[in-house]
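Structure record follows, encoded as structure tokens.
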Amino acid sequence: MSIDTLFNPKSVAVVGASRTDGKIGHTILANIIRGGFQGAIIPINPAAKEILGLPCFPSLGECGQEVDLVVSALPQSLVKTVVDECPKVKAKGLIVIASGYQETGPDGAILEQELVELCTRRELRLLGPNCLGFINTANNLNASFAGDMPGSGDVTLFSQSGALCSVMLDMANDRHMGLAKLVSVGNKADISGVDMLAYLAKDDDTKVIVGYLEDIVSGKNFIKAAEDAASNKPVIILKSGTTSAGLKATVSHTGILAGADTAYGAAFKRSGVIRADTFESLFDFASAFSLQPLPKGNNVRIITNAGGAGIMAADAVELAGMKVQEHGQNERKAAIQQPQKIFKPVNPVDILGDVDPGVYVTAIKAAQTDSDVDAILIVLTPQAMKRPAETASAIVTCIDGTKPIVAAFMGGHETTLLRKELVAAGLPLYKSPERAVAALKAMGEYAAWKKRPPRTVTRFKVNRRRVERILSRRQRTGMLQLGEVKGKDVLGAYGFHVPTGALASTAEEATEIAERIGYPVAMKIVSPDIVHKSDLGGVFLNVSNRESAEDTYDLMTLKIRKKVPGARIEGVYVEKMASKGLEVIIGMTRDPQFGPMLMFGLGGIFVEVMKDVTFHLAPITEQEAIQMLKSTKSYAMLQGRRGQSGVDVVAIASGLQRISQLTTDFPQILELDINPFIVGEFGSEPVVADARMTLAPLPEEK
Ligand code: COA
């Protein structure tokens with residue numbers, strides 16, 4: 001059944017409408033009345049004949065009319081009786097305020113499950129339990145105890161935490177931000193975050209969706225709903241807590257480097273969700289998206305009445321990856337012709353000290369008509385505050401809505417006083433240039449995401465059967481760690497170039513293999529008990545003749561036996577030395593909610609020390625893979641520097657796409673590292689120098 005009837009009922013009953021001012025049931029009834037809801041309002045309380053001037057009924061069944069929405073303000077132990085009564089009044093929606101469910105532990109979780117099943121049988125959509133209710137300004141319905149009715153607007157806030165719902169309402173009021181809806185989803189027993197996204201995406205009253213979430217239960221559904229919603233309108237989410245991915249034991253580099261929160265970042269990026277890190281930025285972004293159009297590019301014009309503030313703004317713009325846009329020819333000419341009247345044609349435009357408000361207007365108009373300017377940042381310091389209202393009024397008169405304009409009015413109380421007028425006129429106001437720039441950046445990124453080309457995931461021709469055989473055999477025998485030999489076998493079947501090599505179990509065999517494939521060779525210990533073989537002296541490179549091959553075999557096995565007594569040594573892998581190139585790491589770690597997360601990083605200190613790595617959810621497109629590379633700080637190294645030629649970035653992207661295909665095809669691969677992946681110049685084939693994988697146990701072995 002649709003959620004819409006819940007938000008747009010013709011009649012509302014409050015069961016547990018208390019006679020006592022201050023109790024939750026009383027507050028909800030009072031809020032519904034005070035909010036101005038025009039439908040029928042029916043208090044239910046067996047102990048009262050009338051509450052707040054309305055006739056009161058002993059039970060739902062006795063109210064003698066149909067009720068679309070029932071708000072249960074009774075303790076948890078009585079909620080079932082309310083649900084049982086709902087069919088008598090043909091109710092379609094139920095809000096359960098009571099706590100005492102899943103949030104209290106396993107017993108509460110069972111009660112919650114029973115409540116959901118009961119509601120489903122009664123064809124009721126359930127909001128909560130353990131929630132504050134909701135506010136819908138479109139029909140003046142405040143079915144909550146969150147606070148007073150906010151002004152109407154086009155931003156909808158939804159929150160998992162009831163307490164933070166009240167905070168959000170307070171912050172919205174403080175910022176004069178009009179709301180379409182405020183929804184406390186509570187324990188999300190029936191109506192989930194995903195349902196809210198799907199509903200709000202189509203809700204005509206909502207232009208900007210803002211959410212606070214503590215967990216996401218189904219990663220796949222979330223990505224789909226968020227992407228659909230974000231394709232329609234901006235979705236801004238503040239997410240607290242972390243996934244369990246970061247907690248699980250991991251042996252791969254990729255797994256270790258993936259922070260507990262990486263999967264959410266990757267999921268939000270994929271689905272176009274704008275992520276806010278604090279409540280401040282949640283509201284900063286919401287007000288920009290609500291009041292201003294999206295930028296067409298990233299050229300920003302700064303207009304300031306203080307040089308220092310202008311420099312701060314310019315720094316913030318550049319740090320955010322946008323450009324401080326220079327003036328066009330026409331403006332330069334105009335400035336030369338009227339040197340007394342107009343500011344200098346430089347960016348930031350410094351209109352100086354306590355200027356006439358009209359100068360701001362001239363500068364804003366010039367920026368609005370300059371086709372090279374995509375966004376405008378107005379910075380104002382209190383020097384002009386002798387005529388604050390006049391300055392603010394002058395500024396708002398000239399906003400033509402063609403490109404985004406944000407204002408950073410620096411200072412304290414005086415600037416806050418201007419907020420109401422500025423926001424009413426559609427100008428988002430920030431306390432610092434940095435916060436205004438962060439809002440512009442969020443808008444620019446969202447605009448770019450909306451223009452993204454259609455996603456086409458390449459399917460490579462691979463030997464899937466071979467991998468199936470290797471993996472199922474390993475799972476059956478419980479040997480879930482795939483070292484270099486088997487790892488390379490799997491990767492070879494998925495089109496990776498693996499150096500020629502073979503396993504030797506004696507020094508003689510090692511030399512035979514080396515002679516056959518040709519020197520120089522690499523020799524590596526093969527043992528299911530050794531994960532980091534080079535740390536233990538289990539890797540020798542550039543072995544260049546028969547004698548050293550023989551000695552290396554003996555020395556290596558001796559050393560390893562001493563260092564790791566009892567380690568099962570299967571032999572030494574002898575393979576052709578890879579030709580020189582740049583060492584990078586590509587890999588995958590599987591997030592329980594969001595699936596395979598691909599990783600790229602440049603080898604050596606870039607990964608080990610600087611942790612300069614990026615992640616992306618599979619399946620990945622070529623363009624997304626290249627974007628992954630570009631987003632690392634070490635990307636310049638891939639392009640070549642100091643006379644060195646660059647490496648084949650398309651080949652790295654292809655490696656990432658192949659891992660994406662492999663790990664999407666085989667969900668039993670939990671982790672995978674190709675480290676190092678040696679990449680050469682354009683056109684050369686990158687080489688898997690070492691590889692490792694971890695498989696999931698077969699279900700019955702869990
Ligand atoms: N039908 C209708 N009304 C009934 C009733 C029934 N079968 N049985 C009792 N009532 C009346 C009570 O008499 C009382 O009215 P009164 O104050 O006029 O006597 C009213 O309903 C409320 O019942 P009461 O038992 O007093 O409940 P309460 O107000 O103490 O607590 C909750 C109810 C839901 C607020 C409480 O149980 C709870 O869960 N609190 C936590 C809520 C919360 O934090 N939610 C999450 C927010 S994020």
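Labels used: A, B, ... for chains in the order of the structure tokens, numbers from 1 for residues in each chain, and numbers from 1 for ligands as shown.
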Which residues are near A:Ser684? Cut-off 10 Å, only C-alpha atoms, ignore same chain within fewer than 6 positions. Put them as a PyMOL selection string. chain A and resi 581+647-648+651
Just want the residues within 9 Å of ligand 1, written as a ChimeraX atom specification, counting only C-alpha atoms and all ligand atoms. /A:14-21,23-26,43-48,51,57-60,72-79,81-82,96-100,128-133,145-146,160-166,184-186
Given the choices A:Gly655, A:Pro55, A:Gly108, A:Gly64, which gets closest to A:Gly587 if the distance is worked out from only C-alpha atoms?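 Checking each candidate against A:Gly587, we get A:Gly655 as the closest.
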Within 8 Å of A:Asn136, counting only C-alpha atoms, which residues qualify if same-chain residues fewer than 3 places away don't, as a ChimeraX atom specification? /A:7,139-142,180-182
Skipping near chain neighbours, those fewer than 3 positions away, what residues fall within 12 Å of A:Arg275 using only C-alpha atoms, listed as a ChimeraX atom specification? /A:209-213,226,234-240,264-272,278-279,281-286,438-439,441-443,445-446
Contacts of A:Val12 at 12 Å or less, counting only C-alpha atoms, minus same-chain residues fewer than 5 places along, as a ChimeraX atom specification? /A:5-7,17,28-29,32-33,37-44,60,63,65-72,86,89-95,141-144
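For the atom pair formed by atom CA of A:Lys562 and atom CA of A:Thr511, the distance is 23.3 Å, given to one decimal.
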As an NGL selection string, which residues of stretch 70-253 of chain A does DSSP assign to alpha helix (DSSP H)? :A and (76-85 or 106-121 or 162-174 or 193-202 or 219-232 or 253)
Kindly save the residues from that selection, with C-alpha atoms included, as a PDB file, in the first residue's frame.
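Produced file again-v8.pdb, reproduced below:
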ATOM      1  CA  GLN A  76       4.325  -0.634  23.812  1.00  0.00           C
ATOM      2  CA  SER A  77       2.269  -3.199  25.749  1.00  0.00           C
ATOM      3  CA  LEU A  78      -0.979  -1.683  24.405  1.00  0.00           C
ATOM      4  CA  VAL A  79       0.033  -1.105  20.767  1.00  0.00           C
ATOM      5  CA  LYS A  80      -1.268  -4.486  19.546  1.00  0.00           C
ATOM      6  CA  THR A  81      -4.780  -3.615  20.732  1.00  0.00           C
ATOM      7  CA  VAL A  82      -4.599  -0.439  18.644  1.00  0.00           C
ATOM      8  CA  VAL A  83      -3.535  -2.364  15.540  1.00  0.00           C
ATOM      9  CA  ASP A  84      -6.408  -4.805  16.074  1.00  0.00           C
ATOM     10  CA  GLU A  85      -8.882  -1.926  16.114  1.00  0.00           C
ATOM     11  CA  PRO A 106      16.404  -9.449  20.915  1.00  0.00           C
ATOM     12  CA  ASP A 107      13.069  -9.599  22.792  1.00  0.00           C
ATOM     13  CA  GLY A 108      12.162  -6.158  21.502  1.00  0.00           C
ATOM     14  CA  ALA A 109      13.163  -7.235  17.992  1.00  0.00           C
ATOM     15  CA  ILE A 110      10.690 -10.127  18.181  1.00  0.00           C
ATOM     16  CA  LEU A 111       7.928  -7.754  19.319  1.00  0.00           C
ATOM     17  CA  GLU A 112       8.777  -5.459  16.429  1.00  0.00           C
ATOM     18  CA  GLN A 113       8.600  -8.303  13.930  1.00  0.00           C
ATOM     19  CA  GLU A 114       5.188  -9.290  15.310  1.00  0.00           C
ATOM     20  CA  LEU A 115       4.018  -5.693  15.009  1.00  0.00           C
ATOM     21  CA  VAL A 116       5.089  -5.541  11.356  1.00  0.00           C
ATOM     22  CA  GLU A 117       3.350  -8.839  10.568  1.00  0.00           C
ATOM     23  CA  LEU A 118       0.183  -7.634  12.265  1.00  0.00           C
ATOM     24  CA  CYS A 119       0.240  -4.346  10.336  1.00  0.00           C
ATOM     25  CA  THR A 120       0.824  -6.179   7.048  1.00  0.00           C
ATOM     26  CA  ARG A 121      -2.177  -8.415   7.756  1.00  0.00           C
ATOM     27  CA  GLY A 162      13.938  11.007  16.866  1.00  0.00           C
ATOM     28  CA  ALA A 163      16.035  13.258  19.050  1.00  0.00           C
ATOM     29  CA  LEU A 164      18.001  14.491  16.057  1.00  0.00           C
ATOM     30  CA  CYS A 165      14.722  15.040  14.216  1.00  0.00           C
ATOM     31  CA  SER A 166      13.894  17.706  16.803  1.00  0.00           C
ATOM     32  CA  VAL A 167      17.376  19.155  16.368  1.00  0.00           C
ATOM     33  CA  MET A 168      16.848  19.320  12.614  1.00  0.00           C
ATOM     34  CA  LEU A 169      13.514  21.061  13.046  1.00  0.00           C
ATOM     35  CA  ASP A 170      15.089  23.586  15.370  1.00  0.00           C
ATOM     36  CA  MET A 171      17.969  24.199  12.977  1.00  0.00           C
ATOM     37  CA  ALA A 172      15.610  24.599  10.025  1.00  0.00           C
ATOM     38  CA  ASN A 173      13.585  27.176  11.968  1.00  0.00           C
ATOM     39  CA  ASP A 174      16.735  28.967  13.052  1.00  0.00           C
ATOM     40  CA  GLY A 193      15.056   4.906   4.472  1.00  0.00           C
ATOM     41  CA  VAL A 194      14.811   3.253   1.047  1.00  0.00           C
ATOM     42  CA  ASP A 195      11.000   3.648   1.063  1.00  0.00           C
ATOM     43  CA  MET A 196      11.380   7.304   2.029  1.00  0.00           C
ATOM     44  CA  LEU A 197      13.792   7.937  -0.839  1.00  0.00           C
ATOM     45  CA  ALA A 198      11.463   6.248  -3.317  1.00  0.00           C
ATOM     46  CA  TYR A 199       8.448   8.187  -2.049  1.00  0.00           C
ATOM     47  CA  LEU A 200      10.146  11.575  -1.795  1.00  0.00           C
ATOM     48  CA  ALA A 201      11.663  11.196  -5.264  1.00  0.00           C
ATOM     49  CA  LYS A 202       8.111  11.455  -6.617  1.00  0.00           C
ATOM     50  CA  GLY A 219      22.926  -1.788   0.404  1.00  0.00           C
ATOM     51  CA  LYS A 220      21.706  -2.872  -3.025  1.00  0.00           C
ATOM     52  CA  ASN A 221      18.192  -1.470  -2.548  1.00  0.00           C
ATOM     53  CA  PHE A 222      19.615   1.698  -1.076  1.00  0.00           C
ATOM     54  CA  ILE A 223      21.859   2.333  -4.080  1.00  0.00           C
ATOM     55  CA  LYS A 224      18.978   1.792  -6.493  1.00  0.00           C
ATOM     56  CA  ALA A 225      16.526   4.010  -4.582  1.00  0.00           C
ATOM     57  CA  ALA A 226      19.148   6.699  -3.962  1.00  0.00           C
ATOM     58  CA  GLU A 227      20.239   6.760  -7.605  1.00  0.00           C
ATOM     59  CA  ASP A 228      16.628   6.991  -8.806  1.00  0.00           C
ATOM     60  CA  ALA A 229      15.901   9.777  -6.327  1.00  0.00           C
ATOM     61  CA  ALA A 230      19.130  11.674  -7.036  1.00  0.00           C
ATOM     62  CA  SER A 231      18.385  11.561 -10.757  1.00  0.00           C
ATOM     63  CA  ASN A 232      15.244  13.584  -9.933  1.00  0.00           C
ATOM     64  CA  HIS A 253      46.103  -4.972   1.728  1.00  0.00           C
TER      65      HIS A 253
END
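Among the candidates A:Glu484, A:Glu575, A:Glu550, A:Glu515, the residue lying nearest to A:Ala502 is A:Glu575 (atoms considered: only C-alpha atoms).
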Extract, using only C-alpha atoms, all DNA, RNA and protein residues at most 9 Å from A:Arg476, discarding same-chain residues fewer than 5 positions from it, and format them as a list in words. Leu471, Pro697 and Leu698 of chain A
Would you kindly return, as a ChimeraX atom specification, each protein, DNA or RNA residue with an atom no farther than 9 Å from any atom of A:Ile659, considering only C-alpha atoms and excluding same-chain residues fewer than 4 positions away? /A:491,494,586-588,598,618,654-655,663-664,672
Compare A:His616, A:Arg692, A:His413, A:Lys365 by their minimum atom-to-atom distance to A:Val485, counting only C-alpha atoms, and give me the closest one.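 Selected residue with least distance to A:Val485: A:Arg692.
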Residue list (strand (DSSP E or B), DSSP) for stretch 486-560 of chain A, as a tab-separated table (two decimals) with N, CA, C and O atoms, in the first residue's frame:
chain	number	residue	atom	x	y	z
A	497	HIS	N	47.69	-10.89	-17.64
A	497	HIS	CA	48.95	-11.45	-18.10
A	497	HIS	C	49.77	-11.89	-16.89
A	497	HIS	O	50.11	-11.08	-16.02
A	501	GLY	N	55.76	-19.55	-15.52
A	501	GLY	CA	56.45	-20.09	-14.35
A	501	GLY	C	55.91	-21.45	-13.97
A	501	GLY	O	54.93	-21.91	-14.54
A	502	ALA	N	56.58	-22.12	-13.02
A	502	ALA	CA	56.12	-23.42	-12.55
A	502	ALA	C	56.64	-23.65	-11.14
A	502	ALA	O	57.59	-22.99	-10.69
A	503	LEU	N	56.00	-24.61	-10.47
A	503	LEU	CA	56.36	-24.90	-9.08
A	503	LEU	C	57.45	-25.97	-9.04
A	503	LEU	O	57.33	-27.02	-9.68
A	504	ALA	N	58.52	-25.68	-8.29
A	504	ALA	CA	59.61	-26.65	-8.15
A	504	ALA	C	59.59	-27.21	-6.74
A	504	ALA	O	59.41	-26.45	-5.78
A	521	VAL	N	65.18	-15.04	-13.52
A	521	VAL	CA	63.90	-15.51	-13.00
A	521	VAL	C	63.67	-14.96	-11.58
A	521	VAL	O	64.61	-14.49	-10.93
A	522	ALA	N	62.40	-15.03	-11.16
A	522	ALA	CA	62.05	-14.69	-9.77
A	522	ALA	C	61.73	-16.01	-9.09
A	522	ALA	O	61.15	-16.91	-9.71
A	523	MET	N	62.16	-16.15	-7.81
A	523	MET	CA	61.86	-17.39	-7.08
A	523	MET	C	61.14	-17.03	-5.77
A	523	MET	O	61.59	-16.16	-5.02
A	524	LYS	N	60.00	-17.69	-5.55
A	524	LYS	CA	59.18	-17.32	-4.39
A	524	LYS	C	58.70	-18.57	-3.65
A	524	LYS	O	58.26	-19.54	-4.29
A	525	ILE	N	58.74	-18.50	-2.34
A	525	ILE	CA	58.32	-19.64	-1.52
A	525	ILE	C	56.80	-19.85	-1.68
A	525	ILE	O	56.06	-18.88	-1.81
A	526	VAL	N	56.36	-21.08	-1.72
A	526	VAL	CA	54.92	-21.37	-1.79
A	526	VAL	C	54.54	-22.16	-0.55
A	526	VAL	O	54.99	-23.29	-0.36
A	539	VAL	N	61.19	-14.29	-1.07
A	539	VAL	CA	61.16	-13.83	-2.47
A	539	VAL	C	62.57	-13.44	-2.91
A	539	VAL	O	63.24	-12.66	-2.22
A	540	PHE	N	63.05	-14.02	-4.00
A	540	PHE	CA	64.34	-13.62	-4.58
A	540	PHE	C	64.10	-13.23	-6.03
A	540	PHE	O	63.48	-13.97	-6.79
A	541	LEU	N	64.59	-12.05	-6.39
A	541	LEU	CA	64.39	-11.56	-7.76
A	541	LEU	C	65.69	-11.62	-8.55
A	541	LEU	O	66.78	-11.69	-7.95
A	542	ASN	N	65.58	-11.54	-9.87
A	542	ASN	CA	66.74	-11.47	-10.76
A	542	ASN	C	67.76	-12.60	-10.55
A	542	ASN	O	68.97	-12.34	-10.53
A	543	VAL	N	67.29	-13.79	-10.33
A	543	VAL	CA	68.20	-14.94	-10.22
A	543	VAL	C	68.67	-15.22	-11.65
A	543	VAL	O	67.85	-15.45	-12.55
